[in-house]
Structures are given as structure tokens and as C-alpha cells.
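Visitor: Contents of protein_31.txt (compact mmCIF, C-alpha atoms) are given next:
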# COMPACT_ATOMS: atom_id res chain seq x y z
CA MET A 176 -72.37 -8.68 78.06
CA SER A 177 -72.47 -5.26 76.41
CA GLN A 178 -74.88 -2.61 77.60
CA THR A 179 -78.08 -2.09 75.61
CA THR A 180 -79.77 1.29 75.56
CA PHE A 181 -83.19 1.69 73.98
CA LEU A 182 -84.42 4.78 72.14
CA LEU A 183 -88.18 4.89 71.58
CA SER A 184 -89.74 6.93 68.81
CA PRO A 185 -92.58 9.30 69.79
CA ALA A 186 -96.32 8.91 69.49
CA ASN A 187 -98.51 11.10 67.30
CA VAL A 188 -99.63 13.93 69.58
CA SER A 189 -102.11 15.43 67.11
CA GLY A 190 -104.46 12.47 66.67
CA LEU A 191 -107.84 11.61 68.18
CA ARG A 192 -106.41 9.80 71.21
CA ALA A 193 -104.18 12.78 71.98
CA ARG A 194 -107.27 15.01 71.98
CA GLN A 195 -109.00 12.54 74.29
CA LEU A 196 -106.06 12.61 76.69
CA THR A 197 -105.91 16.40 76.82
CA SER A 198 -109.66 16.97 77.07
CA PRO A 199 -110.57 18.77 80.32
CA ARG A 200 -113.67 16.55 80.48
CA ALA A 201 -111.68 13.30 80.48
CA SER A 202 -111.60 11.37 83.77
CA PHE A 203 -109.44 8.29 83.09
CA GLU A 204 -106.11 7.92 84.91
CA ALA A 205 -103.75 9.27 82.25
CA ALA A 206 -105.99 12.29 81.67
CA ARG A 207 -106.23 13.04 85.39
CA LEU A 208 -102.44 12.94 85.64
CA TYR A 209 -102.14 15.22 82.62
CA GLN A 210 -104.42 17.73 84.35
CA SER A 211 -102.41 17.54 87.59
CA PRO A 212 -99.63 20.03 88.41
CA GLU A 213 -96.99 17.30 87.97
CA GLY A 214 -98.23 16.11 84.59
CA VAL A 215 -98.44 12.60 83.11
CA PRO A 216 -95.37 10.37 82.52
CA ILE A 217 -94.50 10.44 78.83
CA ALA A 218 -94.48 6.64 78.62
CA LEU A 219 -98.04 6.43 79.93
CA ALA A 220 -99.24 9.27 77.71
CA PHE A 221 -97.61 7.89 74.56
CA ALA A 222 -98.86 4.37 75.31
CA PHE A 223 -102.40 5.75 75.39
CA MET A 224 -101.98 7.92 72.31
CA SER A 225 -100.44 5.32 70.01
CA ALA A 226 -102.04 2.24 71.58
CA LEU A 227 -100.40 -1.02 70.48
CA TYR A 228 -97.17 0.30 68.93
CA PHE A 229 -95.82 2.39 71.80
CA ARG A 230 -97.26 -0.04 74.35
CA GLY A 231 -95.17 -2.75 72.71
CA LYS A 232 -92.07 -0.54 72.63
CA ILE A 233 -92.18 0.45 76.30
CA ALA A 234 -93.11 -3.06 77.49
CA TYR A 235 -90.23 -4.56 75.52
CA ALA A 236 -87.67 -1.95 76.61
CA LEU A 237 -88.64 -2.23 80.29
CA HIS A 238 -88.39 -6.01 80.10
CA PHE A 239 -84.89 -6.08 78.64
CA ALA A 240 -83.27 -2.97 80.17
CA PRO A 241 -83.34 -0.96 83.40
CA LEU A 242 -85.27 2.30 83.41
CA GLU A 243 -82.09 4.38 83.30
CA ASP A 244 -81.15 2.82 79.94
CA ILE A 245 -84.41 3.76 78.22
CA PHE A 246 -85.06 7.10 76.52
CA VAL A 247 -88.04 8.47 74.61
CA ILE A 248 -87.66 10.89 71.72
CA ALA A 249 -89.68 13.96 72.75
CA PRO A 250 -89.95 16.40 69.81
CA GLY A 251 -88.64 19.79 70.88
CA PHE A 252 -86.98 18.41 74.01
CA GLY A 253 -84.61 15.68 72.79
CA LEU A 254 -84.17 12.40 74.69
CA VAL A 255 -86.11 12.09 77.95
CA PRO A 256 -86.61 9.24 80.45
CA PRO A 257 -89.92 7.31 80.45
CA ASP A 258 -91.04 9.01 83.66
CA TRP A 259 -90.52 12.54 82.26
CA ARG A 260 -93.77 14.44 82.74
CA ILE A 261 -95.94 15.98 80.06
CA THR A 262 -97.78 19.09 81.19
CA PRO A 263 -100.10 21.22 79.04
CA GLU A 264 -97.22 23.64 78.36
CA ARG A 265 -94.91 20.84 77.27
CA MET A 266 -97.69 19.34 75.17
CA LYS A 267 -97.91 22.58 73.20
CA ILE A 268 -94.21 22.26 72.30
CA LEU A 269 -94.54 18.56 71.45
CA ALA A 270 -97.52 19.27 69.21
CA ARG A 271 -95.96 22.14 67.27
CA THR A 272 -92.54 20.49 66.75
CA GLU A 273 -92.58 18.66 63.44
CA VAL A 274 -90.61 15.40 63.45
CA ASP A 275 -88.36 16.23 60.53
CA ALA A 276 -84.56 16.19 60.53
CA ARG A 277 -84.64 19.49 58.62
CA ASN A 278 -86.57 21.16 61.45
CA ARG A 279 -84.05 22.88 63.72
CA ASN A 280 -86.39 22.92 66.74
CA TYR A 281 -86.66 19.13 66.51
CA ARG A 282 -83.12 18.31 65.36
CA LYS A 283 -80.98 20.39 67.72
CA PRO A 284 -82.29 19.05 71.09
CA LEU A 285 -82.18 15.46 69.82
CA GLU A 286 -78.72 15.97 68.38
CA ARG A 287 -77.51 17.51 71.65
CA ASP A 288 -78.81 14.66 73.82
CA ALA A 289 -77.66 11.93 71.44
CA VAL A 290 -74.10 13.29 71.42
CA SER A 291 -74.14 13.62 75.22
CA LEU A 292 -75.42 10.05 75.66
CA ALA A 293 -72.92 8.65 73.15
CA LYS A 294 -70.04 10.06 75.20
CA LYS A 295 -71.27 8.24 78.32
CA LEU A 296 -71.62 4.83 76.68
CA ASP A 297 -68.88 2.23 76.35
CA SER A 298 -67.47 1.59 72.89
CA ASP A 299 -69.08 -1.87 72.78
CA ALA A 300 -72.52 -0.67 73.90
CA GLN A 301 -75.44 -1.04 71.51
CA VAL A 302 -78.12 1.60 71.08
CA VAL A 303 -81.34 0.06 69.81
CA LEU A 304 -83.83 2.31 68.04
CA LEU A 305 -87.40 1.10 68.48
CA GLY A 306 -88.85 3.18 65.70
CA SER A 307 -88.80 3.71 61.96
CA VAL A 308 -85.45 3.39 60.22
CA ALA A 309 -86.83 3.63 56.69
CA SER A 310 -86.70 7.43 56.63
CA GLY A 311 -84.18 9.91 57.98
CA LYS A 312 -86.32 11.53 60.67
CA TYR A 313 -84.48 9.61 63.41
CA VAL A 314 -81.55 7.92 61.70
CA ASP A 315 -80.09 11.06 60.11
CA ILE A 316 -79.70 12.58 63.57
CA LEU A 317 -78.83 9.50 65.64
CA LEU A 318 -76.39 7.76 63.32
CA PRO A 319 -73.73 10.52 63.36
CA ALA A 320 -73.82 10.46 67.17
CA PHE A 321 -73.74 6.71 67.78
CA GLY A 322 -72.12 5.37 64.62
CA ASP A 323 -72.10 1.58 64.30
CA ARG A 324 -73.43 1.25 67.85
CA LEU A 325 -76.86 2.21 66.52
CA ARG A 326 -79.02 -0.85 65.85
CA PHE A 327 -82.61 -1.79 65.15
CA PRO A 328 -84.61 -5.04 65.39
CA ALA A 329 -83.96 -6.96 62.19
CA MET A 330 -87.60 -8.04 61.92
CA PHE A 331 -88.78 -4.42 61.87
CA ALA A 332 -87.85 -4.03 58.20
CA GLY A 333 -91.00 -3.80 56.13
CA LEU A 334 -93.44 -4.19 59.05
CA GLY A 335 -96.16 -1.68 59.85
CA ASP A 336 -96.56 -0.03 63.24
CA MET A 337 -99.24 -2.40 64.52
CA SER A 338 -97.25 -5.47 63.51
CA ARG A 339 -94.16 -4.08 65.24
CA GLY A 340 -96.11 -3.38 68.40
CA GLY A 341 -97.53 -6.89 68.49
CA LEU A 342 -94.12 -8.39 67.81
CA LEU A 343 -92.54 -6.48 70.70
CA LEU A 344 -95.30 -7.45 73.12
CA ARG A 345 -94.97 -11.14 72.24
CA ALA A 346 -91.20 -10.97 72.60
CA ALA A 347 -91.45 -9.41 76.06
CA ARG A 348 -94.06 -11.91 77.23
CA ALA A 349 -91.98 -14.82 75.94
CA ASN A 350 -88.73 -13.37 77.36
CA ARG A 351 -87.20 -13.66 73.89
CA GLU A 352 -85.05 -10.70 72.92
CA LEU A 353 -85.09 -9.92 69.22
CA GLU A 354 -82.02 -9.94 67.01
CA TYR A 355 -80.61 -6.49 66.32
CA THR A 356 -78.82 -5.45 63.19
CA SER A 357 -76.85 -2.45 61.98
CA LEU A 358 -78.15 0.30 59.74
CA THR A 359 -76.27 -1.28 56.83
CA ALA A 360 -78.85 -4.10 56.74
CA PRO A 361 -81.96 -3.77 54.53
CA ARG A 362 -84.43 -1.38 56.15
CA HIS A 363 -87.27 -1.80 53.68
CA LYS A 364 -89.42 -4.70 52.54
CA THR A 365 -87.65 -6.81 49.92
CA GLU A 366 -89.19 -8.82 47.10
CA THR A 367 -87.59 -12.03 48.32
CA CYS A 368 -88.78 -11.78 51.91
CA ASP A 369 -92.26 -11.14 53.31
CA PRO A 370 -91.63 -9.44 56.68
CA VAL A 371 -95.12 -10.22 57.98
CA GLU A 372 -94.67 -13.93 57.31
CA VAL A 373 -91.23 -13.86 58.95
CA ALA A 374 -92.76 -12.25 62.06
CA ARG A 375 -95.60 -14.79 62.09
CA GLU A 376 -93.16 -17.67 61.85
CA TRP A 377 -91.17 -16.20 64.74
CA ALA A 378 -94.37 -15.84 66.78
CA ARG A 379 -95.27 -19.47 66.07
CA SER A 380 -91.82 -20.57 67.28
CA VAL A 381 -92.34 -18.59 70.49
CA SER A 382 -95.73 -20.15 71.17
CA ASP A 383 -94.34 -23.59 70.29
CA PRO A 384 -90.67 -23.56 71.31
CA MET A 385 -90.21 -27.24 70.37
CA LYS A 386 -91.06 -26.40 66.78
CA THR A 387 -87.54 -25.16 66.03
CA LYS A 388 -86.04 -28.36 67.45
CA ARG A 389 -88.01 -30.84 65.35
Using the file provided, produce a representation of the structure as C-alpha cells.

Guide:
Amino acid sequence: MSQTTFLLSPANVSGLRARQLTSPRASFEAARLYQSPEGVPIALAFAFMSALYFRGKIAYALHFAPLEDIFVIAPGFGLVPPDWRITPERMKILARTEVDARNRNYRKPLERDAVSLAKKLDSDAQVVLLGSVASGKYVDILLPAFGDRLRFPAMFAGLGDMSRGGLLLRAARANRELEYTSLTAPRHKTETCDPVEVAREWARSVSDPMKTKR
């Protein structure tokens, strides 16, 4: 079986939940870790900041791959492991680095780490992006590095963030890995296919596995 490496897109670090995490008055676990000298693991911080979507991404990736085959896109830093720590100084860089392929401060570190990772992977490995493929903010940088090894969950096309997060959580809980497809497949919602209904039908088949055999 070929190796699968997961790349997780980042959370929004400028929203309300990010401000809650970084508040010096906050006392919940992730906030206490953020305030500590070591910092808070990026996976924990992003799961809090983006709620369902990143929680689904990290739960799914950890279920289907070992920790060493999972990387998070950290704007300004490139690809980092899930246990990489966010400190207040690192948070400043994350917050001011716009996720845009035209932004050198974002593009160069991600480009560097993607090329380095690509060289370490076997030719038949697959690199699964758990993030948006509709725009170029990730794909334009990752595709030149990984080529046709870069994949994404086929059911992601046309789904919103919350729907994707729920889909990933259900897949992990059911131990049902999603089908991955290349970047040549449709990445947007099509008129002939309602992505939400496709995801719902898949969820029904997971909750009732005999349904597909009738």
C-alpha cells in the first residue's frame, strides 16, 4: 500500500475564537498552554479557532496516518507537524502573513518545505490536501512540488467548510477512508451534482452499511 501524507490547511487566526485563545484573561486549557513558555500545539490551537472544520481535518488525518505523516500549513513558517508550538511571537507572524500565493512571505516557506517533503516521498506516495482546492492559495504552490501525487477528497468539491468538517469526523468515526482524486477532477460544484446531497447519501451509507448491499 502506498504511503499517504496529509497536508492540513490553516485556521483563521484573526477571528473571534483566535482573540479568545490569545486573551490573557482566558483560563481554558488551550489558552493556558498558549500563555506558557512552550506554547500551544498548533493542532489544538487551530481546532479551537476553526471549530468543526479543523477538528474534522485533524481527527481524520490522525485516524488514517501516523503523526509523522501529517503536516499543517502555518502561514509564514511553511509545513509544520501537528505538535509544533504556537507562542505569542509566532502568532504575530501567523496573523500578519496573508494566505495568498502572491505573498512572498507566505509562498516561499511553503514552497521550500513542499519541495523538501516531495524529495523524501516515494514516487507512488499520495499527498492529500485537506483544504480548499477551488482557489490557488494552496494548489498553486503545492502542485509544482508534488505533481500528480497531490490529491484531495473527491467529495470536497462544492462543499462548505462546516460540511467538510462534519464529513471528515463521520469518516474517522466510521473508519471509512474517503476516495481521493487528482487535481484534474472537478473542484467546484457542478450543475449536475449536488455535493451536499452526495455527502448526505454517503453519511447515510455509513450509518446503515447494509444500505449499499440491498

Visitor: Calculated over all atoms listed in the file, which of the candidates A:Gln301, A:Thr197, A:Asn280, A:Ser202 has the smallest distance to A:Gln178?

Guide: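 So, comparing all the options, the nearest one is A:Gln301.
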
Visitor: Can you tell me which residues surround stretch 268-272 of chain A at a distance of at most 12 Å, considering only C-alpha atoms, apart from same-chain residues fewer than 4 positions away, and format the answer as a ChimeraX atom specification?

Guide: /A:185-190,193-194,197,217,221,248-253,261-264,276-285

Visitor: Of the candidates A:Ala240, A:Val290, A:Ala300, A:Leu227, which one gets nearest to A:Leu344 if we count all atoms listed in the file?

Guide: A:Leu227

Visitor: Go through A:Glu286, A:Ala218, A:Ala332, A:Phe223 one by one, measure the shortest atom-to-atom distance of each to A:Ala206 using all atoms listed in the file, and give the residue with the smallest value.

Guide: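 Nearest candidate to A:Ala206 out of A:Glu286, A:Ala218, A:Ala332, A:Phe223: A:Phe223.
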
Visitor: Just want the 10 Å neighbourhood of A:Leu317, counted on all atoms listed in the file, with same-chain residues fewer than 5 positions away dropped. Output as a list of chain:residue names.

Guide: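 My reading of the contact set: A:Leu182, A:Arg282, A:Leu285, A:Glu286, A:Asp288, A:Ala289, A:Val290, A:Ala293, A:Val302, A:Leu304, A:Gly311, A:Lys312, A:Gly322, A:Leu325.
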
Visitor: Point out the residue among A:Leu292, A:Val274, A:Ala349, A:Met224 with the least atom-to-atom distance to A:Asp315, counting only C-alpha atoms.

Guide: A:Val274
